[in-house]
Amino acid sequence: MFENAIGLKQKYRSGAQIVGVSMPPDTTADRFEKILDQDDYDYVSVDSQHTPFNEERLAAFCEIAAERDVFVQFRIKHTRNAYLIGNYLDLGPCGVEVPQTETDETAKEAVDSFYYPPAGVRSLGGRYRRSTAGKSADEYGAWWNSFGVLWLQMESVEAITKGHLLARPGVDGLSIGPADLTVSIKSHPNHWLKTVDDCIAYLCKSLEGTGVAVCHRNYKPELRSKYADMGVQVFLESPQV
């Protein structure tokens with residue numbers, strides 16, 4: 001099912017369609033396998049923002065994924081935890097999603113914390129990190145910087161309209177948060193963006209030619225074509241079993 005996860009970041013750059021599936025952090029190995037058997041997924045997503053979370057459970061989940069060469073995208077607990085991204089990555093995730101991103105300061109902190117020097121300031125260390133075997137410190141830093149995937153989540157009309165500004169170098173994708181975005185739209189009744197679909201279409205258009213993907217929680221496989229036609233490249237779906 002999975003080709004080697006190392007090539008996923010290049011798929012973002014090439015514009016290829018990417019599909020993932022969400023799993024809770026306490027997913028067992030057997031359940032993990034059953035979910036993966038549903039479809040040709042490129043990654044799995046695990047959440048701590050709205051889910052009970054501890055570091056040991058995340059490390060165990062990432063070990064299950066690493067044994068199967070599966071890419072793990074992890075949504076951190078809170079926007080203000082962007083400074084902890086390096087610490088989270090030391091537990092084994094391959095990518096990070098930063099919720100409720102609104103400012104360039106958050107975007108910069110996320111990039112700085114995600115990448116090793118010279119692209120960022122992430123500290124080198126951690127035995128649970130993905131694919132450390134056989135790499136020197138310098139080799140691992142360079143490898144990670146070409147491997148890890150960073151998302152910033154857009155969850156308000158304000159964030160959507162300046163998404164192209166938040167998509168600084170080092171950001172691979174801007175993800176849609178449809179629930180909070182719906183609340184934001186309702187609180188701006190006179191805004192020219194009237195629906196979540198309006199926001200998605202605008203964000204896709206504003207990012208054309210940047211190499212930054214739009215990622216959407218479409219939840220159901222049958223909605224892929226609708227959003228692909230709007231310009232969405234990366235999809236996140238719910239388990240169908």
# chains A, B, ... in the order shown; residues from 1 in each chain; ligands from 1

call {"tool": "residues_around", "arguments": {"residues": "range 73-84 of chain A", "least_positions_apart": "2", "cutoff": "8 Å", "atoms": "only C-alpha atoms", "output": "VMD selection string"}}
result
chain A and resid 43 to 50 71 86 to 88 93 to 101 106 109 to 110 113 149

call {"tool": "atom_distance", "arguments": {"atom1": "CA of Asp90 in chain A", "atom2": "CA of Gln153 in chain A"}}
result
21.4 Å

call {"tool": "residues_around", "arguments": {"residues": "range 121-134 of chain A", "least_positions_apart": "5", "cutoff": "12 Å", "atoms": "only C-alpha atoms", "output": "PyMOL selection string"}}
result
chain A and resi 4-6+55-56+58-67+69-72+82-95+108-116+139-145+147-148

call {"tool": "closest_residue", "arguments": {"among": "A:Val232, A:Phe53, A:Phe32, A:Val21", "to": "Arg68 in chain A", "atoms": "only C-alpha atoms"}}
result
A:Phe32

call {"tool": "closest_residue", "arguments": {"among": "A:Asn218, A:Ser206, A:Ser22, A:Ser156", "to": "Ser187 in chain A", "atoms": "only C-alpha atoms"}}
result
A:Ser156

call {"tool": "residues_around", "arguments": {"residues": "Glu102 in chain A", "least_positions_apart": "2", "cutoff": "9 Å", "atoms": "only C-alpha atoms", "output": "PyMOL selection string"}}
result
chain A and resi 100+104-107+153-156+158-160+162-163+166

call {"tool": "write_last_selection", "arguments": {"atoms": "C-alpha atoms", "output": "PDB file, in the first residue's frame"}}
result
ATOM      1  CA  GLN A 100      -5.769  28.336  14.522  1.00  0.00           C
ATOM      2  CA  ASP A 104       3.066  35.737  10.756  1.00  0.00           C
ATOM      3  CA  GLU A 105       4.717  35.454  14.186  1.00  0.00           C
ATOM      4  CA  THR A 106       3.114  32.026  14.665  1.00  0.00           C
ATOM      5  CA  ALA A 107       4.095  30.967  11.149  1.00  0.00           C
ATOM      6  CA  GLN A 153      -4.369  25.447   9.910  1.00  0.00           C
ATOM      7  CA  MET A 154      -6.655  28.214   8.640  1.00  0.00           C
ATOM      8  CA  GLU A 155      -9.759  28.452  10.852  1.00  0.00           C
ATOM      9  CA  SER A 156     -11.115  31.992  10.363  1.00  0.00           C
ATOM     10  CA  GLU A 158      -9.198  36.543   8.524  1.00  0.00           C
ATOM     11  CA  ALA A 159      -6.679  33.705   8.230  1.00  0.00           C
ATOM     12  CA  ILE A 160      -8.071  32.610   4.863  1.00  0.00           C
ATOM     13  CA  LYS A 162      -4.071  36.351   4.347  1.00  0.00           C
ATOM     14  CA  GLY A 163      -3.161  32.691   3.908  1.00  0.00           C
ATOM     15  CA  LEU A 166       1.309  33.095   6.094  1.00  0.00           C
TER      16      LEU A 166
END

call {"tool": "residues_around", "arguments": {"residues": "Val19 in chain A", "least_positions_apart": "3", "cutoff": "12 Å", "atoms": "only C-alpha atoms", "output": "count of residues only"}}
result
35

call {"tool": "closest_residue", "arguments": {"among": "A:Ala167, A:Met23, A:Met230, A:Ile185", "to": "Tyr202 in chain A", "atoms": "only C-alpha atoms"}}
result
A:Met230

call {"tool": "residues_around", "arguments": {"residues": "Thr210 in chain A", "least_positions_apart": "2", "cutoff": "12 Å", "atoms": "only C-alpha atoms", "output": "ChimeraX atom specification"}}
result
/A:12-15,163-174,203-208,212-214

call {"tool": "select_by_dssp", "arguments": {"residues": "range 20-143 of chain A", "states": "strand (DSSP E or B)", "output": "ChimeraX atom specification"}}
result
/A:20-22,43-47,72-75,95-98

call {"tool": "write_last_selection", "arguments": {"atoms": "N, CA and C atoms", "output": "JSON list (two decimals), in the first residue's frame"}}
result
[["chain", "number", "residue", "atom", "x", "y", "z"],
["A", 20, "GLY", "N", -4.97, 11.15, 3.17],
["A", 20, "GLY", "CA", -4.66, 10.60, 4.48],
["A", 20, "GLY", "C", -5.91, 10.20, 5.23],
["A", 21, "VAL", "N", -5.70, 9.54, 6.35],
["A", 21, "VAL", "CA", -6.81, 9.09, 7.19],
["A", 21, "VAL", "C", -6.49, 9.41, 8.64],
["A", 22, "SER", "N", -7.50, 9.82, 9.39],
["A", 22, "SER", "CA", -7.30, 10.17, 10.80],
["A", 22, "SER", "C", -7.43, 8.94, 11.68],
["A", 43, "TYR", "N", -0.68, 9.04, 4.17],
["A", 43, "TYR", "CA", -0.27, 9.39, 5.53],
["A", 43, "TYR", "C", -1.42, 9.12, 6.48],
["A", 44, "VAL", "N", -1.10, 9.11, 7.77],
["A", 44, "VAL", "CA", -2.14, 9.06, 8.81],
["A", 44, "VAL", "C", -2.00, 10.32, 9.65],
["A", 45, "SER", "N", -3.14, 10.78, 10.16],
["A", 45, "SER", "CA", -3.16, 11.99, 10.99],
["A", 45, "SER", "C", -3.61, 11.63, 12.40],
["A", 46, "VAL", "N", -2.91, 12.18, 13.37],
["A", 46, "VAL", "CA", -3.26, 11.97, 14.77],
["A", 46, "VAL", "C", -3.37, 13.34, 15.44],
["A", 47, "ASP", "N", -4.35, 13.47, 16.33],
["A", 47, "ASP", "CA", -4.71, 14.77, 16.88],
["A", 47, "ASP", "C", -4.50, 14.83, 18.38],
["A", 72, "VAL", "N", 3.34, 10.03, 9.61],
["A", 72, "VAL", "CA", 2.43, 10.50, 10.65],
["A", 72, "VAL", "C", 2.40, 12.03, 10.68],
["A", 73, "GLN", "N", 1.21, 12.61, 10.45],
["A", 73, "GLN", "CA", 0.99, 14.05, 10.57],
["A", 73, "GLN", "C", 0.30, 14.30, 11.92],
["A", 74, "PHE", "N", 0.86, 15.17, 12.75],
["A", 74, "PHE", "CA", 0.40, 15.35, 14.13],
["A", 74, "PHE", "C", -0.08, 16.78, 14.36],
["A", 75, "ARG", "N", -1.34, 16.94, 14.79],
["A", 75, "ARG", "CA", -1.83, 18.28, 15.14],
["A", 75, "ARG", "C", -1.55, 18.55, 16.61],
["A", 95, "GLY", "N", 5.33, 14.92, 10.54],
["A", 95, "GLY", "CA", 4.83, 16.24, 10.18],
["A", 95, "GLY", "C", 4.01, 16.82, 11.32],
["A", 96, "VAL", "N", 3.77, 18.11, 11.25],
["A", 96, "VAL", "CA", 3.04, 18.83, 12.29],
["A", 96, "VAL", "C", 2.00, 19.74, 11.65],
["A", 97, "GLU", "N", 0.85, 19.85, 12.32],
["A", 97, "GLU", "CA", -0.19, 20.82, 11.95],
["A", 97, "GLU", "C", -0.38, 21.76, 13.13],
["A", 98, "VAL", "N", -0.33, 23.06, 12.86],
["A", 98, "VAL", "CA", -0.48, 24.07, 13.90],
["A", 98, "VAL", "C", -1.89, 24.65, 13.81]]
